[in-house]
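Reproduced below: my_file_9.cif, with mmCIF, C-alpha atoms.
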data_structure
#
loop_
_atom_site.group_PDB
_atom_site.id
_atom_site.type_symbol
_atom_site.label_atom_id
_atom_site.label_comp_id
_atom_site.auth_asym_id
_atom_site.auth_seq_id
_atom_site.Cartn_x
_atom_site.Cartn_y
_atom_site.Cartn_z
ATOM 1 C CA MET Z 20 79.130 127.102 172.469
ATOM 2 C CA GLY Z 21 81.232 127.681 169.597
ATOM 3 C CA GLY Z 22 80.272 126.702 166.125
ATOM 4 C CA ILE Z 23 82.342 124.607 163.799
ATOM 5 C CA ARG Z 24 85.173 126.642 162.561
ATOM 6 C CA THR Z 25 86.740 126.034 159.204
ATOM 7 C CA LYS Z 26 90.165 127.119 158.437
ATOM 8 C CA LYS Z 27 90.092 129.064 155.234
ATOM 9 C CA PRO Z 28 93.827 128.699 154.602
ATOM 10 C CA ALA Z 29 93.467 124.890 154.564
ATOM 11 C CA ILE Z 30 90.657 125.039 151.993
ATOM 12 C CA ILE Z 31 92.553 127.488 149.838
ATOM 13 C CA PHE Z 32 95.719 125.372 150.112
ATOM 14 C CA GLY Z 33 93.762 122.235 149.112
ATOM 15 C CA PHE Z 34 92.211 124.035 146.154
ATOM 16 C CA TYR Z 35 95.560 125.290 144.850
ATOM 17 C CA THR Z 36 97.154 121.886 145.409
ATOM 18 C CA GLY Z 37 94.396 120.281 143.326
ATOM 19 C CA VAL Z 38 94.805 122.833 140.539
ATOM 20 C CA ILE Z 39 98.578 122.390 140.427
ATOM 21 C CA THR Z 40 98.248 118.586 140.466
ATOM 22 C CA GLY Z 41 95.693 118.747 137.648
ATOM 23 C CA VAL Z 42 97.927 120.990 135.564
ATOM 24 C CA LEU Z 43 100.935 118.691 136.079
ATOM 25 C CA ILE Z 44 98.946 115.576 135.152
ATOM 26 C CA GLY Z 45 97.554 117.378 132.107
ATOM 27 C CA LEU Z 46 101.044 118.413 131.038
ATOM 28 C CA ALA Z 47 102.308 114.843 131.452
ATOM 29 C CA VAL Z 48 99.470 113.481 129.305
ATOM 30 C CA MET Z 49 99.969 116.144 126.635
ATOM 31 C CA THR Z 50 103.723 115.507 126.571
ATOM 32 C CA THR Z 51 103.117 111.794 126.099
ATOM 33 C CA ILE Z 52 100.655 112.369 123.259
ATOM 34 C CA VAL Z 53 102.895 114.886 121.510
ATOM 35 C CA SER Z 54 105.980 112.664 121.799
ATOM 36 C CA TYR Z 55 104.036 109.692 120.378
ATOM 37 C CA ARG Z 56 102.874 111.757 117.408
ATOM 38 C CA LEU Z 57 106.366 113.175 116.921
ATOM 39 C CA GLU Z 58 107.835 109.661 116.876
ATOM 40 C CA ASN Z 59 105.313 108.648 114.202
ATOM 41 C CA PHE Z 60 106.234 111.694 112.136
ATOM 42 C CA HIS Z 61 109.940 110.837 112.413
ATOM 43 C CA ARG Z 62 109.273 107.284 111.206
ATOM 44 C CA MET Z 63 107.198 108.542 108.298
ATOM 45 C CA ASN Z 64 109.909 111.079 107.477
ATOM 46 C CA ALA Z 65 112.593 108.357 107.444
ATOM 47 C CA TYR Z 66 110.432 106.202 105.209
ATOM 48 C CA LEU Z 67 109.758 109.058 102.795
ATOM 49 C CA GLU Z 68 113.454 109.995 102.700
ATOM 50 C CA SER Z 69 114.339 106.411 101.763
ATOM 51 C CA VAL Z 70 111.668 106.453 99.039
ATOM 52 C CA ILE Z 71 113.055 109.722 97.657
ATOM 53 C CA ALA Z 72 116.620 108.387 97.677
ATOM 54 C CA GLU Z 73 115.454 105.241 95.913
ATOM 55 C CA LYS Z 74 113.544 107.219 93.288
ATOM 56 C CA ASN Z 75 116.542 109.493 92.697
ATOM 57 C CA ALA Z 76 118.833 106.499 92.162
ATOM 58 C CA GLN Z 77 116.241 104.931 89.909
ATOM 59 C CA LEU Z 78 115.897 108.115 87.859
ATOM 60 C CA GLU Z 79 119.669 108.464 87.565
ATOM 61 C CA GLN Z 80 120.068 104.892 86.312
ATOM 62 C CA LEU Z 81 117.170 105.270 83.875
ATOM 63 C CA GLU Z 82 118.568 108.505 82.461
ATOM 64 C CA LYS Z 83 121.826 106.695 81.700
ATOM 65 C CA SER Z 84 120.088 103.940 79.763
ATOM 66 C CA VAL Z 85 117.416 105.961 77.950
ATOM 67 C CA ASN Z 86 116.926 105.448 74.202
ATOM 68 C CA LYS Z 87 118.644 102.077 73.993
ATOM 69 C CA GLY Z 88 115.443 100.271 72.969
ATOM 70 C CA LYS Z 89 116.172 97.247 75.153
ATOM 71 C CA TYR Z 90 114.445 95.750 78.152
ATOM 72 C CA ILE Z 91 116.088 97.324 81.157
ATOM 73 C CA VAL Z 92 115.391 97.065 84.873
ATOM 74 C CA LYS Z 93 113.279 100.110 85.743
ATOM 75 C CA SER Z 94 112.259 99.402 89.309
ATOM 76 C CA ILE Z 95 112.949 97.061 92.195
ATOM 77 C CA ASP Z 96 110.216 95.877 94.554
ATOM 78 C CA VAL Z 97 111.013 93.845 97.647
ATOM 79 C CA VAL Z 98 108.035 92.171 99.349
ATOM 80 C CA PHE Z 99 108.620 90.919 102.886
ATOM 81 C CA LEU Z 100 106.783 87.960 104.360
ATOM 82 C CA CYS Z 101 106.988 88.175 108.132
ATOM 83 C CA ASP Z 102 104.664 86.780 110.813
ATOM 84 C CA TYR Z 103 106.583 88.222 113.769
ATOM 85 C CA GLU Z 104 105.697 91.411 115.634
ATOM 86 C CA GLY Z 105 108.282 94.069 116.351
ATOM 87 C CA VAL Z 106 110.355 93.530 113.194
ATOM 88 C CA ASP Z 107 111.420 96.773 111.514
ATOM 89 C CA ILE Z 108 110.824 95.921 107.851
ATOM 90 C CA LEU Z 109 111.918 99.403 106.741
ATOM 91 C CA LEU Z 110 115.512 98.674 107.760
ATOM 92 C CA PHE Z 111 115.599 95.435 105.772
ATOM 93 C CA GLU Z 112 114.003 97.118 102.782
ATOM 94 C CA THR Z 113 116.454 100.021 102.657
ATOM 95 C CA GLU Z 114 119.494 97.743 103.034
ATOM 96 C CA LEU Z 115 118.373 95.343 100.310
ATOM 97 C CA LYS Z 116 117.450 98.156 97.943
ATOM 98 C CA LYS Z 117 120.946 99.613 98.429
ATOM 99 C CA LYS Z 118 122.339 96.273 97.298
ATOM 100 C CA TYR Z 119 119.994 96.022 94.307
ATOM 101 C CA ASN Z 120 120.205 99.650 93.119
ATOM 102 C CA ALA Z 121 123.212 98.745 90.975
ATOM 103 C CA LEU Z 122 120.853 96.688 88.808
ATOM 104 C CA LEU Z 123 118.746 99.690 87.810
ATOM 105 C CA GLY Z 124 119.250 100.576 84.171
ATOM 106 C CA LYS Z 125 120.907 97.250 83.306
ATOM 107 C CA GLU Z 126 119.638 95.114 80.467
ATOM 108 C CA VAL Z 127 117.377 92.296 81.692
ATOM 109 C CA LYS Z 128 118.868 89.540 79.511
ATOM 110 C CA THR Z 129 122.383 90.191 80.827
ATOM 111 C CA LEU Z 130 121.394 89.617 84.463
ATOM 112 C CA ASP Z 131 121.589 86.264 86.225
ATOM 113 C CA ALA Z 132 118.514 85.531 88.364
ATOM 114 C CA GLU Z 133 120.386 83.101 90.626
ATOM 115 C CA MET Z 134 123.045 85.672 91.444
ATOM 116 C CA ILE Z 135 120.375 88.273 92.190
ATOM 117 C CA ALA Z 136 118.641 85.868 94.582
ATOM 118 C CA GLU Z 137 121.924 84.993 96.328
ATOM 119 C CA VAL Z 138 122.397 88.612 97.408
ATOM 120 C CA ALA Z 139 119.491 88.347 99.882
ATOM 121 C CA ASP Z 140 119.104 84.585 100.364
ATOM 122 C CA LYS Z 141 120.277 83.335 103.780
ATOM 123 C CA ARG Z 142 121.544 86.813 104.707
ATOM 124 C CA ILE Z 143 121.695 87.493 108.456
ATOM 125 C CA PHE Z 144 120.872 90.923 109.888
ATOM 126 C CA ARG Z 145 121.899 91.842 113.409
ATOM 127 C CA LEU Z 146 119.676 94.484 114.983
ATOM 128 C CA ASP Z 147 119.311 95.865 118.492
ATOM 129 C CA ASN Z 148 116.408 93.541 119.265
ATOM 130 C CA GLY Z 149 117.892 90.344 117.787
ATOM 131 C CA GLN Z 150 119.171 88.600 114.693
ATOM 132 C CA TYR Z 151 117.109 87.834 111.615
ATOM 133 C CA GLN Z 152 117.768 85.637 108.607
ATOM 134 C CA LEU Z 153 116.295 86.335 105.181
ATOM 135 C CA PHE Z 154 115.207 83.695 102.689
ATOM 136 C CA VAL Z 155 114.294 84.461 99.065
ATOM 137 C CA LYS Z 156 111.039 82.699 98.228
ATOM 138 C CA LYS Z 157 110.356 83.997 94.720
ATOM 139 C CA LEU Z 158 112.023 86.270 92.176
ATOM 140 C CA ILE Z 159 110.603 87.781 89.008
ATOM 141 C CA LEU Z 160 113.205 89.263 86.680
ATOM 142 C CA ALA Z 161 111.638 91.649 84.185
ATOM 143 C CA GLU Z 162 111.536 95.413 83.711
ATOM 144 C CA ASN Z 163 110.234 95.507 87.272
ATOM 145 C CA LEU Z 164 112.413 93.246 89.420
ATOM 146 C CA LYS Z 165 110.247 91.785 92.168
ATOM 147 C CA ILE Z 166 111.618 89.715 95.055
ATOM 148 C CA TRP Z 167 109.668 87.995 97.826
ATOM 149 C CA VAL Z 168 111.750 87.642 100.996
ATOM 150 C CA GLU Z 169 110.781 85.763 104.148
ATOM 151 C CA VAL Z 170 112.131 86.987 107.499
ATOM 152 C CA HIS Z 171 112.878 84.528 110.348
ATOM 153 C CA PRO Z 172 114.293 85.464 113.773
ATOM 154 C CA LEU Z 173 117.325 83.534 114.945
ATOM 155 C CA GLY Z 174 117.645 82.222 118.473
#

Just give me the structure as structure tokens.
Amino acid sequence: MGGIRTKKPAIIFGFYTGVITGVLIGLAVMTTIVSYRLENFHRMNAYLESVIAEKNAQLEQLEKSVNKGKYIVKSIDVVFLCDYEGVDILLFETELKKKYNALLGKEVKTLDAEMIAEVADKRIFRLDNGQYQLFVKKLILAENLKIWVEVHPLG
């Protein structure tokens, strides 16, 4: 009678197959985690670059109007009111601030609040994931221009 024979090559092959499969699954998980973190860093970098560009434009406009002793627009804040998921507010914010950067350094009493509101009111943005319309809800015109904008998807 012969005893049960095990084939050592089959056990060794199974062991190595398990190790290789484990390494590949581990690499796939690590790649996913790293790419997610990298994407978050890219978004934060884009946001910080837009903040730096805005601050540079603001500083440039303020340097032009220094020592005039008048009320001038020193900063622009856009507040977005949006109840919808998946809307990239950063894109809207950078585009509107590009439009409003010309107001930096201007005297407050020479500006027309209605004209400032019309720049963003009922504006339609077309993005990859749809179209959005902006509505100006409130505007405060002082040294710090503050605009509340509501975002609604179209269609």

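Using all atoms listed in the file, the shortest contact distance between Phe111 in chain Z and any of Z:Val53, Z:Leu146, Z:Ile31, Z:Val42 is found at Z:Leu146.
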
Q.
I'd like to see the residues matched by the PyMOL selection byres ((chain Z and resi 127-133) around 12) on this file, and ideally I'd get them as JSON, numbers by chain.
A. {"Z": [88, 89, 90, 91, 92, 93, 94, 119, 121, 122, 123, 124, 125, 126, 134, 135, 136, 137, 138, 139, 140, 155, 157, 158, 159, 160, 161, 162, 163, 164, 165, 166]}

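Our summary of the geometry notes that CA of Gln77 in chain Z is positioned 8.8 Å from CA of Ile95 in chain Z.
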
Q) How many Å separate CA of Leu78 in chain Z from CA of Val98 in chain Z? A)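 Spanning CA of Leu78 in chain Z to CA of Val98 in chain Z is a straight-line distance of 21.2 Å.
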
Q: In the coordinate frame of the file, compute which residues have an atom within 6 Å of (117.5, 82.8, 104.2) when using only C-alpha atoms, and state them as a PyMOL selection string.
A: chain Z and resi 140-142+152-154

Q.
Restricting the calculation to only C-alpha atoms: of Z:Leu81, Z:Leu115, Z:Cys101, Z:Leu43, which residue gets closest to Pro172 in chain Z?
A.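 Result for the nearest residue to Pro172 in chain Z: Z:Cys101.
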
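Of note, CA of Thr113 in chain Z and CA of Ser69 in chain Z are spaced 6.8 Å apart.
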
Q: Pull the neighbourhood of (119.1, 85.4, 113.1) for me: all residues within 8 Å in file coordinates, counting only C-alpha atoms, as a ChimeraX atom specification.
A: /Z:143-145,149-152,171-174
